[in-house]
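The structure appears below as structure tokens.
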Amino acid sequence: MINIAKKLWFIGFFFLPWVWLINILYFVPHRNNLNDKVKWYLKFSLIGFFAYSTIFMAWMGIYLVNRNKWGAFGDNISITIPFG
């Protein structure tokens with residue numbers, strides 16, 4: 001079990017915070033009989049998931065509100081440019 005927790009924890013560092021969420025959800029049914037090392041990976045998976053998610057949601061809010069005000073810069077950092 002520790003190998004799975006460790007692999008998912010390291011994969012989450014490649015800007016894939018949803019992998020940390022999968023790591024947490026996978027081990028929730030087994031939480032009573034996990035060793036301390038697995039609990040450590042799960043604790044920091046949870047912290048990393050919420051930290052990355054908070055930063056991403058803040059950026060999306062800032063971007064969506066200010067894209068038109070930024071003019072050409074707002075268009076340059078867009079993957080697709082919506083009409084309007």
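The way I read the labels, and the way they are meant: chains A, B, ... in the order of the structure tokens, residue 1 as the first residue of every chain, and ligand 1 as the first ligand shown, with later ones counted on from there.
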
Name all residues at most 9 Å from Ile11 in chain A (count only C-alpha atoms; drop same-chain ones fewer than 6 positions away) and give them as a ChimeraX atom specification. /A:17,19-20

Can you list, as a count of residues only, every residue of chain A that DSSP puts in alpha helix (DSSP H)? 57

Name all residues at most 9 Å from range 29-43 of chain A (count only C-alpha atoms; drop same-chain ones fewer than 4 positions away) and give them as a PyMOL selection string. chain A and resi 1-3+5-6+8-9+20+23-25+47-48

Which of A:Tyr26, A:Ala58, A:Ser45, A:Gly74 sits closest to Phe13 in chain A [using only C-alpha atoms]: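 When distances to Phe13 in chain A are compared using only C-alpha atoms, the smallest one comes from A:Ser45.
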